[in-house]
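input-v6.cif, holding mmCIF, C-alpha atoms and all ligand atoms:
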data_final
#
loop_
_atom_site.group_PDB
_atom_site.id
_atom_site.type_symbol
_atom_site.label_atom_id
_atom_site.label_comp_id
_atom_site.auth_asym_id
_atom_site.auth_seq_id
_atom_site.Cartn_x
_atom_site.Cartn_y
_atom_site.Cartn_z
ATOM 1 C CA MET A 35 -36.229 7.897 -14.918
ATOM 2 C CA GLU A 36 -36.340 4.224 -15.807
ATOM 3 C CA ARG A 37 -34.631 1.613 -13.688
ATOM 4 C CA ALA A 38 -31.156 0.537 -14.705
ATOM 5 C CA LEU A 39 -29.860 -2.923 -13.901
ATOM 6 C CA VAL A 40 -26.124 -3.466 -13.663
ATOM 7 C CA VAL A 41 -25.064 -7.105 -13.703
ATOM 8 C CA GLY A 42 -21.635 -7.836 -12.232
ATOM 9 C CA ALA A 43 -20.083 -5.831 -9.426
ATOM 10 C CA GLY A 44 -16.414 -5.706 -10.325
ATOM 11 C CA ILE A 45 -14.818 -2.309 -10.833
ATOM 12 C CA PHE A 46 -16.703 -1.701 -14.086
ATOM 13 C CA GLY A 47 -20.088 -2.690 -12.709
ATOM 14 C CA VAL A 48 -19.909 -0.882 -9.408
ATOM 15 C CA THR A 49 -18.626 2.348 -10.959
ATOM 16 C CA ALA A 50 -21.301 2.149 -13.685
ATOM 17 C CA ALA A 51 -23.946 1.715 -10.982
ATOM 18 C CA ILE A 52 -22.677 4.733 -9.052
ATOM 19 C CA GLU A 53 -22.519 6.896 -12.163
ATOM 20 C CA LEU A 54 -26.035 5.901 -13.288
ATOM 21 C CA ARG A 55 -27.357 6.630 -9.804
ATOM 22 C CA LYS A 56 -25.711 10.055 -9.813
ATOM 23 C CA ARG A 57 -27.404 10.730 -13.145
ATOM 24 C CA GLY A 58 -30.769 10.178 -11.516
ATOM 25 C CA HIS A 59 -31.606 6.564 -12.366
ATOM 26 C CA ALA A 60 -32.991 4.054 -9.940
ATOM 27 C CA VAL A 61 -30.247 1.434 -10.019
ATOM 28 C CA ARG A 62 -30.029 -2.198 -9.034
ATOM 29 C CA LEU A 63 -26.632 -3.927 -8.954
ATOM 30 C CA VAL A 64 -26.534 -7.729 -8.858
ATOM 31 C CA ASP A 65 -23.706 -10.219 -8.480
ATOM 32 C CA PRO A 66 -23.387 -13.827 -7.272
ATOM 33 C CA GLY A 67 -21.260 -12.430 -4.406
ATOM 34 C CA PRO A 68 -19.917 -12.289 -1.829
ATOM 35 C CA LEU A 69 -18.687 -8.815 -2.669
ATOM 36 C CA PRO A 70 -16.031 -8.163 -3.594
ATOM 37 C CA HIS A 71 -16.246 -11.470 -5.419
ATOM 38 C CA PRO A 72 -13.104 -13.502 -4.646
ATOM 39 C CA LEU A 73 -12.750 -14.603 -8.294
ATOM 40 C CA ALA A 74 -13.300 -11.177 -9.891
ATOM 41 C CA ALA A 75 -10.330 -9.658 -11.705
ATOM 42 C CA SER A 76 -10.877 -6.484 -9.709
ATOM 43 C CA THR A 77 -10.504 -8.299 -6.387
ATOM 44 C CA ASP A 78 -6.802 -8.315 -5.830
ATOM 45 C CA ILE A 79 -4.284 -6.918 -3.404
ATOM 46 C CA SER A 80 -3.102 -4.323 -5.871
ATOM 47 C CA LYS A 81 -3.327 -3.094 -9.457
ATOM 48 C CA VAL A 82 -0.965 -0.788 -11.302
ATOM 49 C CA VAL A 83 -2.150 2.690 -12.288
ATOM 50 C CA ARG A 84 -0.069 4.298 -15.022
ATOM 51 C CA LEU A 85 0.057 6.860 -17.784
ATOM 52 C CA GLU A 86 2.429 4.702 -19.811
ATOM 53 C CA TYR A 87 0.545 3.036 -22.660
ATOM 54 C CA GLY A 88 3.112 3.276 -25.451
ATOM 55 C CA ALA A 89 2.143 5.389 -28.443
ATOM 56 C CA ASP A 90 -1.553 5.254 -27.562
ATOM 57 C CA ASP A 91 -2.427 8.885 -27.008
ATOM 58 C CA THR A 92 -6.124 8.206 -26.437
ATOM 59 C CA TYR A 93 -5.472 5.625 -23.747
ATOM 60 C CA THR A 94 -2.968 7.966 -22.096
ATOM 61 C CA ALA A 95 -5.605 10.714 -22.018
ATOM 62 C CA LEU A 96 -8.013 8.271 -20.331
ATOM 63 C CA ALA A 97 -5.281 7.349 -17.846
ATOM 64 C CA GLU A 98 -4.837 11.042 -16.988
ATOM 65 C CA GLU A 99 -8.540 11.251 -16.127
ATOM 66 C CA SER A 100 -8.265 8.020 -14.203
ATOM 67 C CA ILE A 101 -5.393 9.289 -12.060
ATOM 68 C CA GLU A 102 -7.348 12.459 -11.272
ATOM 69 C CA GLY A 103 -10.221 10.190 -10.255
ATOM 70 C CA TRP A 104 -8.020 8.137 -7.949
ATOM 71 C CA ARG A 105 -6.713 11.283 -6.257
ATOM 72 C CA ARG A 106 -10.286 12.527 -5.834
ATOM 73 C CA TRP A 107 -11.395 9.225 -4.271
ATOM 74 C CA ASN A 108 -8.457 9.374 -1.862
ATOM 75 C CA ARG A 109 -9.706 12.763 -0.710
ATOM 76 C CA ASP A 110 -13.433 11.923 -0.742
ATOM 77 C CA PHE A 111 -13.184 8.523 0.942
ATOM 78 C CA GLY A 112 -10.848 9.779 3.654
ATOM 79 C CA VAL A 113 -8.620 6.772 3.172
ATOM 80 C CA ALA A 114 -5.735 6.469 0.724
ATOM 81 C CA LEU A 115 -6.347 3.385 -1.410
ATOM 82 C CA TYR A 116 -4.370 4.835 -4.320
ATOM 83 C CA HIS A 117 -0.651 5.079 -3.575
ATOM 84 C CA GLU A 118 1.157 7.435 -5.909
ATOM 85 C CA THR A 119 4.584 5.864 -5.768
ATOM 86 C CA GLY A 120 5.425 6.701 -9.375
ATOM 87 C CA LEU A 121 6.095 4.167 -12.097
ATOM 88 C CA LEU A 122 9.507 2.719 -12.932
ATOM 89 C CA LEU A 123 10.132 0.989 -16.263
ATOM 90 C CA LEU A 124 13.525 -0.680 -16.691
ATOM 91 C CA ARG A 125 15.140 -2.587 -19.536
ATOM 92 C CA ARG A 126 18.427 -4.160 -20.435
ATOM 93 C CA ASP A 127 18.687 -2.551 -23.881
ATOM 94 C CA PRO A 128 18.649 1.126 -24.758
ATOM 95 C CA LEU A 129 15.236 2.622 -25.345
ATOM 96 C CA ALA A 130 14.215 2.487 -28.983
ATOM 97 C CA ALA A 131 11.346 3.782 -31.070
ATOM 98 C CA GLY A 132 8.523 1.269 -30.961
ATOM 99 C CA SER A 133 9.342 0.132 -27.426
ATOM 100 C CA LEU A 134 6.793 0.673 -24.649
ATOM 101 C CA GLU A 135 9.308 2.749 -22.706
ATOM 102 C CA GLN A 136 10.359 5.102 -25.505
ATOM 103 C CA ASP A 137 6.889 5.555 -26.998
ATOM 104 C CA SER A 138 5.339 6.125 -23.594
ATOM 105 C CA PHE A 139 8.048 8.580 -22.658
ATOM 106 C CA GLU A 140 7.390 10.660 -25.768
ATOM 107 C CA VAL A 141 3.600 10.621 -25.446
ATOM 108 C CA VAL A 142 3.598 11.333 -21.706
ATOM 109 C CA ALA A 143 6.241 14.103 -21.943
ATOM 110 C CA GLY A 144 4.450 15.552 -24.968
ATOM 111 C CA ARG A 145 1.256 15.846 -22.922
ATOM 112 C CA GLY A 146 3.030 18.028 -20.356
ATOM 113 C CA HIS A 147 4.017 15.459 -17.720
ATOM 114 C CA ARG A 148 7.527 15.073 -16.369
ATOM 115 C CA PRO A 149 8.793 11.528 -16.852
ATOM 116 C CA GLU A 150 12.557 11.094 -16.498
ATOM 117 C CA LEU A 151 15.026 9.079 -18.535
ATOM 118 C CA LEU A 152 17.289 6.865 -16.427
ATOM 119 C CA ASP A 153 20.748 5.465 -17.060
ATOM 120 C CA ALA A 154 22.697 2.912 -15.016
ATOM 121 C CA VAL A 155 24.106 5.572 -12.689
ATOM 122 C CA ALA A 156 20.618 6.861 -11.877
ATOM 123 C CA VAL A 157 19.209 3.349 -11.449
ATOM 124 C CA ARG A 158 22.049 2.440 -9.036
ATOM 125 C CA ALA A 159 21.667 5.609 -6.983
ATOM 126 C CA ARG A 160 17.883 5.853 -6.867
ATOM 127 C CA PHE A 161 16.608 2.298 -7.211
ATOM 128 C CA PRO A 162 19.250 0.132 -5.552
ATOM 129 C CA ALA A 163 16.914 -2.870 -5.308
ATOM 130 C CA TRP A 164 17.514 -3.310 -9.041
ATOM 131 C CA ASN A 165 20.762 -4.591 -10.508
ATOM 132 C CA ALA A 166 22.010 -1.576 -12.449
ATOM 133 C CA ASP A 167 24.583 -3.746 -14.249
ATOM 134 C CA VAL A 168 21.674 -5.528 -15.928
ATOM 135 C CA TYR A 169 18.882 -2.953 -15.990
ATOM 136 C CA ARG A 170 20.789 -0.007 -17.369
ATOM 137 C CA HIS A 171 18.028 1.905 -19.157
ATOM 138 C CA GLY A 172 14.569 3.075 -18.287
ATOM 139 C CA THR A 173 12.147 5.756 -17.301
ATOM 140 C CA TYR A 174 10.616 6.958 -14.059
ATOM 141 C CA ASP A 175 7.317 8.808 -13.953
ATOM 142 C CA PRO A 176 6.433 10.384 -10.590
ATOM 143 C CA GLU A 177 2.761 10.097 -11.534
ATOM 144 C CA GLY A 178 1.077 6.711 -11.274
ATOM 145 C CA GLY A 179 1.406 3.972 -8.686
ATOM 146 C CA PHE A 180 -0.908 1.263 -7.396
ATOM 147 C CA VAL A 181 -4.337 0.865 -5.884
ATOM 148 C CA GLU A 182 -5.496 -1.572 -3.230
ATOM 149 C CA SER A 183 -8.015 -2.899 -5.699
ATOM 150 C CA GLY A 184 -10.025 -5.329 -3.570
ATOM 151 C CA ARG A 185 -10.447 -2.704 -0.864
ATOM 152 C CA VAL A 186 -11.443 -0.204 -3.539
ATOM 153 C CA VAL A 187 -14.315 -2.433 -4.719
ATOM 154 C CA SER A 188 -15.474 -2.909 -1.114
ATOM 155 C CA ARG A 189 -15.429 0.821 -0.541
ATOM 156 C CA LEU A 190 -17.288 1.499 -3.796
ATOM 157 C CA VAL A 191 -19.980 -1.082 -3.012
ATOM 158 C CA GLU A 192 -20.493 0.746 0.299
ATOM 159 C CA GLU A 193 -20.607 4.045 -1.601
ATOM 160 C CA ALA A 194 -23.161 2.635 -4.033
ATOM 161 C CA ARG A 195 -25.389 1.531 -1.152
ATOM 162 C CA ASN A 196 -25.043 4.957 0.505
ATOM 163 C CA LEU A 197 -26.159 6.607 -2.726
ATOM 164 C CA GLY A 198 -29.261 4.444 -2.880
ATOM 165 C CA VAL A 199 -28.185 1.731 -5.310
ATOM 166 C CA GLU A 200 -29.994 -1.505 -4.469
ATOM 167 C CA VAL A 201 -27.164 -4.036 -4.195
ATOM 168 C CA ARG A 202 -28.182 -7.689 -4.353
ATOM 169 C CA GLU A 203 -25.743 -10.515 -3.793
ATOM 170 C CA GLY A 204 -26.660 -14.109 -4.599
ATOM 171 C CA VAL A 205 -27.981 -13.297 -8.080
ATOM 172 C CA SER A 206 -26.403 -14.915 -11.131
ATOM 173 C CA PHE A 207 -27.196 -13.811 -14.654
ATOM 174 C CA GLY A 208 -28.868 -16.604 -16.611
ATOM 175 C CA ARG A 209 -30.044 -14.905 -19.786
ATOM 176 C CA LEU A 210 -31.392 -11.657 -21.127
ATOM 177 C CA LEU A 211 -35.116 -11.094 -20.765
ATOM 178 C CA GLU A 212 -36.557 -10.145 -24.115
ATOM 179 C CA ALA A 213 -39.903 -8.494 -24.710
ATOM 180 C CA PRO A 214 -41.754 -7.506 -27.874
ATOM 181 C CA SER A 215 -40.971 -4.040 -29.195
ATOM 182 C CA PRO A 216 -43.845 -1.576 -29.388
ATOM 183 C CA GLY A 217 -43.548 -1.484 -33.173
ATOM 184 C CA GLY A 218 -43.511 -5.246 -33.367
ATOM 185 C CA LEU A 219 -40.009 -5.282 -34.770
ATOM 186 C CA SER A 220 -37.099 -7.057 -33.090
ATOM 187 C CA PRO A 221 -37.524 -7.858 -29.427
ATOM 188 C CA ARG A 222 -36.102 -5.400 -26.927
ATOM 189 C CA ILE A 223 -34.121 -6.191 -23.792
ATOM 190 C CA ALA A 224 -36.403 -5.818 -20.783
ATOM 191 C CA GLY A 225 -34.164 -7.161 -18.002
ATOM 192 C CA ILE A 226 -32.551 -10.456 -17.117
ATOM 193 C CA VAL A 227 -33.553 -13.887 -15.936
ATOM 194 C CA SER A 228 -31.359 -15.192 -13.139
ATOM 195 C CA THR A 229 -30.034 -18.751 -13.063
ATOM 196 C CA ARG A 230 -32.750 -19.465 -10.474
ATOM 197 C CA GLY A 231 -35.403 -18.274 -12.882
ATOM 198 C CA GLU A 232 -36.093 -14.902 -11.264
ATOM 199 C CA ARG A 233 -37.155 -12.287 -13.808
ATOM 200 C CA ILE A 234 -35.573 -8.935 -12.970
ATOM 201 C CA LYS A 235 -37.031 -6.214 -15.156
ATOM 202 C CA ALA A 236 -35.212 -3.022 -16.098
ATOM 203 C CA GLY A 237 -35.352 -0.289 -18.686
ATOM 204 C CA GLN A 238 -31.629 -0.449 -19.263
ATOM 205 C CA VAL A 239 -29.299 -3.377 -18.674
ATOM 206 C CA VAL A 240 -25.534 -3.109 -18.325
ATOM 207 C CA LEU A 241 -23.652 -6.388 -18.393
ATOM 208 C CA ALA A 242 -20.304 -5.967 -16.646
ATOM 209 C CA LEU A 243 -19.316 -9.576 -16.166
ATOM 210 C CA GLY A 244 -15.620 -9.182 -16.911
ATOM 211 C CA ALA A 245 -14.035 -12.378 -18.193
ATOM 212 C CA TRP A 246 -17.331 -14.238 -17.644
ATOM 213 C CA THR A 247 -19.062 -12.227 -20.371
ATOM 214 C CA PRO A 248 -18.272 -14.566 -23.288
ATOM 215 C CA HIS A 249 -19.943 -17.404 -21.350
ATOM 216 C CA ALA A 250 -23.021 -15.337 -20.595
ATOM 217 C CA LEU A 251 -23.304 -13.711 -23.997
ATOM 218 C CA PRO A 252 -21.633 -15.792 -26.682
ATOM 219 C CA PRO A 253 -20.071 -13.989 -29.655
ATOM 220 C CA SER A 254 -22.805 -15.489 -31.823
ATOM 221 C CA PHE A 255 -25.395 -13.541 -29.817
ATOM 222 C CA ASP A 256 -26.762 -10.963 -32.190
ATOM 223 C CA ARG A 257 -29.649 -8.618 -31.468
ATOM 224 C CA PRO A 258 -30.346 -5.117 -32.663
ATOM 225 C CA GLY A 259 -29.590 -2.653 -29.914
ATOM 226 C CA ILE A 260 -26.846 -4.634 -28.231
ATOM 227 C CA ARG A 261 -23.617 -2.718 -28.175
ATOM 228 C CA SER A 262 -20.394 -4.140 -26.932
ATOM 229 C CA SER A 263 -17.172 -2.391 -26.171
ATOM 230 C CA THR A 264 -13.552 -3.466 -26.447
ATOM 231 C CA TRP A 265 -13.921 -6.375 -28.815
ATOM 232 C CA SER A 266 -10.444 -7.583 -29.559
ATOM 233 C CA ARG A 267 -8.873 -9.228 -32.503
ATOM 234 C CA THR A 268 -6.571 -12.126 -31.983
ATOM 235 C CA THR A 269 -4.468 -13.995 -34.435
ATOM 236 C CA ARG A 270 -4.242 -17.737 -34.078
ATOM 237 C CA ARG A 271 -1.845 -20.047 -35.849
ATOM 238 C CA ARG A 272 -3.481 -23.087 -37.374
ATOM 239 C CA SER A 273 -1.988 -26.185 -38.874
ATOM 240 C CA GLY A 274 -3.567 -27.521 -42.044
ATOM 241 C CA PRO A 275 -4.005 -31.250 -42.762
ATOM 242 C CA ASP A 276 -0.960 -31.107 -45.031
ATOM 243 C CA GLY A 277 1.147 -29.622 -42.254
ATOM 244 C CA SER A 278 0.992 -26.085 -43.672
ATOM 245 C CA ARG A 279 0.582 -23.218 -41.203
ATOM 246 C CA SER A 280 -1.780 -20.323 -41.551
ATOM 247 C CA SER A 281 -2.961 -17.401 -39.467
ATOM 248 C CA VAL A 282 -6.607 -17.028 -38.550
ATOM 249 C CA ARG A 283 -7.923 -13.690 -37.396
ATOM 250 C CA THR A 284 -10.788 -13.967 -34.994
ATOM 251 C CA SER A 285 -12.809 -11.439 -33.076
ATOM 252 C CA ARG A 286 -13.908 -12.251 -29.596
ATOM 253 C CA PRO A 287 -14.996 -10.365 -26.509
ATOM 254 C CA PRO A 288 -12.306 -10.716 -23.844
ATOM 255 C CA GLY A 289 -14.411 -9.245 -21.096
ATOM 256 C CA ILE A 290 -16.819 -6.870 -22.700
ATOM 257 C CA THR A 291 -19.486 -4.633 -21.348
ATOM 258 C CA ALA A 292 -22.648 -5.000 -23.389
ATOM 259 C CA PHE A 293 -25.774 -2.938 -23.157
ATOM 260 C CA PRO A 294 -28.961 -2.381 -25.071
ATOM 261 C CA CYS A 295 -28.935 0.964 -26.841
ATOM 262 C CA ILE A 296 -32.523 1.067 -28.067
ATOM 263 C CA ARG A 297 -35.877 0.475 -26.495
HETATM 264 C C1 LIG A 301 -3.830 -10.999 -13.282
HETATM 265 C C2 LIG A 301 -4.394 -9.637 -13.660
HETATM 266 C C3 LIG A 301 -3.657 -8.505 -13.404
HETATM 267 C C4 LIG A 301 -4.146 -7.263 -13.761
HETATM 268 N N1 LIG A 301 -3.419 -6.155 -13.457
HETATM 269 C C5 LIG A 301 -3.915 -4.926 -13.713
HETATM 270 C C6 LIG A 301 -3.220 -3.771 -13.304
HETATM 271 O O1 LIG A 301 -2.147 -3.847 -12.690
HETATM 272 N N2 LIG A 301 -3.770 -2.559 -13.577
HETATM 273 C C7 LIG A 301 -4.974 -2.455 -14.243
HETATM 274 O O2 LIG A 301 -5.442 -1.334 -14.475
HETATM 275 N N3 LIG A 301 -5.664 -3.550 -14.637
HETATM 276 C C8 LIG A 301 -5.153 -4.761 -14.379
HETATM 277 N N4 LIG A 301 -5.852 -5.886 -14.752
HETATM 278 C C9 LIG A 301 -7.123 -5.697 -15.445
HETATM 279 C C10 LIG A 301 -8.236 -5.371 -14.446
HETATM 280 O O3 LIG A 301 -8.120 -6.202 -13.313
HETATM 281 C C11 LIG A 301 -9.549 -5.619 -15.134
HETATM 282 O O4 LIG A 301 -9.609 -4.838 -16.327
HETATM 283 C C12 LIG A 301 -10.728 -5.209 -14.277
HETATM 284 O O5 LIG A 301 -10.603 -5.659 -12.944
HETATM 285 C C13 LIG A 301 -11.961 -5.800 -14.906
HETATM 286 O O6 LIG A 301 -13.052 -5.433 -14.123
HETATM 287 P P1 LIG A 301 -14.493 -5.967 -14.474
HETATM 288 O O7 LIG A 301 -15.447 -5.276 -13.579
HETATM 289 O O8 LIG A 301 -14.702 -5.887 -15.946
HETATM 290 O O9 LIG A 301 -14.428 -7.546 -14.190
HETATM 291 P P2 LIG A 301 -14.375 -8.331 -12.787
HETATM 292 O O10 LIG A 301 -13.639 -7.580 -11.759
HETATM 293 O O11 LIG A 301 -13.905 -9.698 -13.091
HETATM 294 O O12 LIG A 301 -15.893 -8.348 -12.337
HETATM 295 C C14 LIG A 301 -16.865 -9.143 -12.956
HETATM 296 C C15 LIG A 301 -17.996 -9.351 -11.968
HETATM 297 O O13 LIG A 301 -19.013 -10.076 -12.635
HETATM 298 C C16 LIG A 301 -19.554 -10.993 -11.716
HETATM 299 N N5 LIG A 301 -20.197 -12.080 -12.432
HETATM 300 C C17 LIG A 301 -19.634 -13.114 -13.098
HETATM 301 N N6 LIG A 301 -20.549 -13.927 -13.604
HETATM 302 C C18 LIG A 301 -21.749 -13.400 -13.258
HETATM 303 C C19 LIG A 301 -23.085 -13.780 -13.504
HETATM 304 N N7 LIG A 301 -23.405 -14.867 -14.219
HETATM 305 N N8 LIG A 301 -24.083 -13.020 -12.993
HETATM 306 C C20 LIG A 301 -23.810 -11.895 -12.279
HETATM 307 N N9 LIG A 301 -22.548 -11.480 -12.038
HETATM 308 C C21 LIG A 301 -21.532 -12.221 -12.514
HETATM 309 C C22 LIG A 301 -18.373 -11.466 -10.906
HETATM 310 O O14 LIG A 301 -18.792 -12.029 -9.655
HETATM 311 C C23 LIG A 301 -17.584 -10.179 -10.747
HETATM 312 O O15 LIG A 301 -17.922 -9.515 -9.550
HETATM 313 C C24 LIG A 301 -5.395 -7.146 -14.406
HETATM 314 C C25 LIG A 301 -6.153 -8.280 -14.658
HETATM 315 C C26 LIG A 301 -5.664 -9.528 -14.287
HETATM 316 C C27 LIG A 301 -6.498 -10.753 -14.556
#

As structure tokens, what does this structure read like?
Amino acid sequence: MERALVVGAGIFGVTAAIELRKRGHAVRLVDPGPLPHPLAASTDISKVVRLEYGADDTYTALAEESIEGWRRWNRDFGVALYHETGLLLLRRDPLAAGSLEQDSFEVVAGRGHRPELLDAVAVRARFPAWNADVYRHGTYDPEGGFVESGRVVSRLVEEARNLGVEVREGVSFGRLLEAPSPGGLSPRIAGIVSTRGERIKAGQVVLALGAWTPHALPPSFDRPGIRSSTWSRTTRRRSGPDGSRSSVRTSRPPGITAFPCIR
């Protein structure tokens, strides 16, 4: 199988590297380091893990898989980095259709889980750290909790190395390495060039640079075969010269993963 190069070793990069390795690829994972990188979004004391994503059924289904994955890692790694404390959502006003709490409750319950509705009496009795005179309404889901996210990345980098992924710290992405296509059409992606000028060749390149991605690969970058995920739309308010206000819809990558999909 051809070599895959994963650039960026946050949670997305390191898990992509592990998965590609398990699928039989030779994999190289590069990052400026040290790993876990202190500025990476994934490097934190903790991150919430939850099923509650409002009315978004698809995201909830992904979260179900994710929670199963966290439980599996707890077993496989022999250390509990996922803490299934449950998830408490509280609000001052009654739950209403269109609210995160109500929509999540319906989706999660509808998928066979057992979230509970809470009133002030339940909040006072079960969650006394919260002022039940103020936070009188909410839900509690026994599934979900938090992960020790920085430790998770460390553990996964170790796992990647154990599986045979070549992990290189001290490498910063400079630009994509392009090479002529066999048919002489548009150039194909053949690797990367680091900021120090090193050419690192690969059959497949996964950019997992998190919030750095828009700097590395500007939205204007346009090549056949580059796919990006999770592009978001934002609406910006703009003032005209006459003082009028208008909304501008823009698309931008907030932290995308981009990869070449053709050779
Ligand atoms: C404040 C905050 C709170 C959050 N809370 C939660 C939460 O509770 N639950 C949850 O699920 N999610 C949460 N998120 C979202 C979650 O942290 C991110 O979705 C996730 O960590 C993104 O991972 P990543 O691998 O894409 O990016 P990152 O973790 O940022 O990793 C990017 C990697 O790319 C590397 N890199 C950067 N530039 C280069 C370059 N030029 N060359 C090579 N490598 C490079 C970096 O060193 C880094 O290691 C939160 C995010 C933030 C910011």

Counting all atoms listed in the file, which of A:His171, A:Arg160, A:Arg185, A:Arg84 gets nearest to ligand LIG 301 (chain A)?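 That would be A:Arg84, the residue with the smallest distance to ligand LIG 301 (chain A).
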
Distance criterion (only C-alpha atoms): nearest to A:Val186 out of A:Gly244, A:Pro214, A:Gly44, A:Gly88: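 Answer, going by the shortest atom-to-atom distance: A:Gly44.
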
Just give me the residues with any atom within 10 Å of (11.4, 4.7, -18.3), file coordinates, counting only C-alpha atoms, written as a list in words. Glu86, Leu121, Leu122, Leu123, Leu124, Arg125, Leu129, Leu134, Glu135, Gln136, Asp137, Ser138, Phe139, Pro149, Glu150, Leu151, Leu152, Asp153, His171, Gly172, Thr173, Tyr174 and Asp175 of chain A

Cut-off 8 Å, all atoms listed in the file, neighbours of ligand LIG 301 (chain A) as a ChimeraX atom specification: /A:41-48,64-78,80-84,180,205-208,228-229,242-247,250,289-291

Prev. selection, C-alpha atoms, output as a PDB file, in the frame of the given file:
ATOM      1  CA  VAL A  41     -25.064  -7.105 -13.703  1.00  0.00           C
ATOM      2  CA  GLY A  42     -21.635  -7.836 -12.232  1.00  0.00           C
ATOM      3  CA  ALA A  43     -20.083  -5.831  -9.426  1.00  0.00           C
ATOM      4  CA  GLY A  44     -16.414  -5.706 -10.325  1.00  0.00           C
ATOM      5  CA  ILE A  45     -14.818  -2.309 -10.833  1.00  0.00           C
ATOM      6  CA  PHE A  46     -16.703  -1.701 -14.086  1.00  0.00           C
ATOM      7  CA  GLY A  47     -20.088  -2.690 -12.709  1.00  0.00           C
ATOM      8  CA  VAL A  48     -19.909  -0.882  -9.408  1.00  0.00           C
ATOM      9  CA  VAL A  64     -26.534  -7.729  -8.858  1.00  0.00           C
ATOM     10  CA  ASP A  65     -23.706 -10.219  -8.480  1.00  0.00           C
ATOM     11  CA  PRO A  66     -23.387 -13.827  -7.272  1.00  0.00           C
ATOM     12  CA  GLY A  67     -21.260 -12.430  -4.406  1.00  0.00           C
ATOM     13  CA  PRO A  68     -19.917 -12.289  -1.829  1.00  0.00           C
ATOM     14  CA  LEU A  69     -18.687  -8.815  -2.669  1.00  0.00           C
ATOM     15  CA  PRO A  70     -16.031  -8.163  -3.594  1.00  0.00           C
ATOM     16  CA  HIS A  71     -16.246 -11.470  -5.419  1.00  0.00           C
ATOM     17  CA  PRO A  72     -13.104 -13.502  -4.646  1.00  0.00           C
ATOM     18  CA  LEU A  73     -12.750 -14.603  -8.294  1.00  0.00           C
ATOM     19  CA  ALA A  74     -13.300 -11.177  -9.891  1.00  0.00           C
ATOM     20  CA  ALA A  75     -10.330  -9.658 -11.705  1.00  0.00           C
ATOM     21  CA  SER A  76     -10.877  -6.484  -9.709  1.00  0.00           C
ATOM     22  CA  THR A  77     -10.504  -8.299  -6.387  1.00  0.00           C
ATOM     23  CA  ASP A  78      -6.802  -8.315  -5.830  1.00  0.00           C
ATOM     24  CA  SER A  80      -3.102  -4.323  -5.871  1.00  0.00           C
ATOM     25  CA  LYS A  81      -3.327  -3.094  -9.457  1.00  0.00           C
ATOM     26  CA  VAL A  82      -0.965  -0.788 -11.302  1.00  0.00           C
ATOM     27  CA  VAL A  83      -2.150   2.690 -12.288  1.00  0.00           C
ATOM     28  CA  ARG A  84      -0.069   4.298 -15.022  1.00  0.00           C
ATOM     29  CA  PHE A 180      -0.908   1.263  -7.396  1.00  0.00           C
ATOM     30  CA  VAL A 205     -27.981 -13.297  -8.080  1.00  0.00           C
ATOM     31  CA  SER A 206     -26.403 -14.915 -11.131  1.00  0.00           C
ATOM     32  CA  PHE A 207     -27.196 -13.811 -14.654  1.00  0.00           C
ATOM     33  CA  GLY A 208     -28.868 -16.604 -16.611  1.00  0.00           C
ATOM     34  CA  SER A 228     -31.359 -15.192 -13.139  1.00  0.00           C
ATOM     35  CA  THR A 229     -30.034 -18.751 -13.063  1.00  0.00           C
ATOM     36  CA  ALA A 242     -20.304  -5.967 -16.646  1.00  0.00           C
ATOM     37  CA  LEU A 243     -19.316  -9.576 -16.166  1.00  0.00           C
ATOM     38  CA  GLY A 244     -15.620  -9.182 -16.911  1.00  0.00           C
ATOM     39  CA  ALA A 245     -14.035 -12.378 -18.193  1.00  0.00           C
ATOM     40  CA  TRP A 246     -17.331 -14.238 -17.644  1.00  0.00           C
ATOM     41  CA  THR A 247     -19.062 -12.227 -20.371  1.00  0.00           C
ATOM     42  CA  ALA A 250     -23.021 -15.337 -20.595  1.00  0.00           C
ATOM     43  CA  GLY A 289     -14.411  -9.245 -21.096  1.00  0.00           C
ATOM     44  CA  ILE A 290     -16.819  -6.870 -22.700  1.00  0.00           C
ATOM     45  CA  THR A 291     -19.486  -4.633 -21.348  1.00  0.00           C
TER      46      THR A 291
END

Rounded to one decimal, what separation in Å do you get between atom CA of A:Ala194 and atom CA of A:Leu251? 25.8 Å

What does the PyMOL selection byres (((chain A and resi 37) around 9) and not hetatm) select in this file, as a PDB file with C-alpha atoms, in the frame of the given file?
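Generated output (result05.pdb):
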ATOM      1  CA  MET A  35     -36.229   7.897 -14.918  1.00  0.00           C
ATOM      2  CA  GLU A  36     -36.340   4.224 -15.807  1.00  0.00           C
ATOM      3  CA  ALA A  38     -31.156   0.537 -14.705  1.00  0.00           C
ATOM      4  CA  LEU A  39     -29.860  -2.923 -13.901  1.00  0.00           C
ATOM      5  CA  HIS A  59     -31.606   6.564 -12.366  1.00  0.00           C
ATOM      6  CA  ALA A  60     -32.991   4.054  -9.940  1.00  0.00           C
ATOM      7  CA  VAL A  61     -30.247   1.434 -10.019  1.00  0.00           C
ATOM      8  CA  ARG A  62     -30.029  -2.198  -9.034  1.00  0.00           C
ATOM      9  CA  LYS A 235     -37.031  -6.214 -15.156  1.00  0.00           C
ATOM     10  CA  ALA A 236     -35.212  -3.022 -16.098  1.00  0.00           C
ATOM     11  CA  GLY A 237     -35.352  -0.289 -18.686  1.00  0.00           C
ATOM     12  CA  GLN A 238     -31.629  -0.449 -19.263  1.00  0.00           C
ATOM     13  CA  VAL A 239     -29.299  -3.377 -18.674  1.00  0.00           C
TER      14      VAL A 239
END

So, with only C-alpha atoms as the atoms that count, which of A:Pro248, A:Thr94, A:Gly120, A:Phe111 lies closest to A:Leu190?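 Among the listed residues, A:Phe111 lies closest to A:Leu190.
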
Please work out which residues fall within 12 Å of (-4.7, 10.0, -8.3), coordinates as given in the file, with all atoms listed in the file counting, and return them as a PyMOL selection string. chain A and resi 82-85+97-110+114-120+176-181
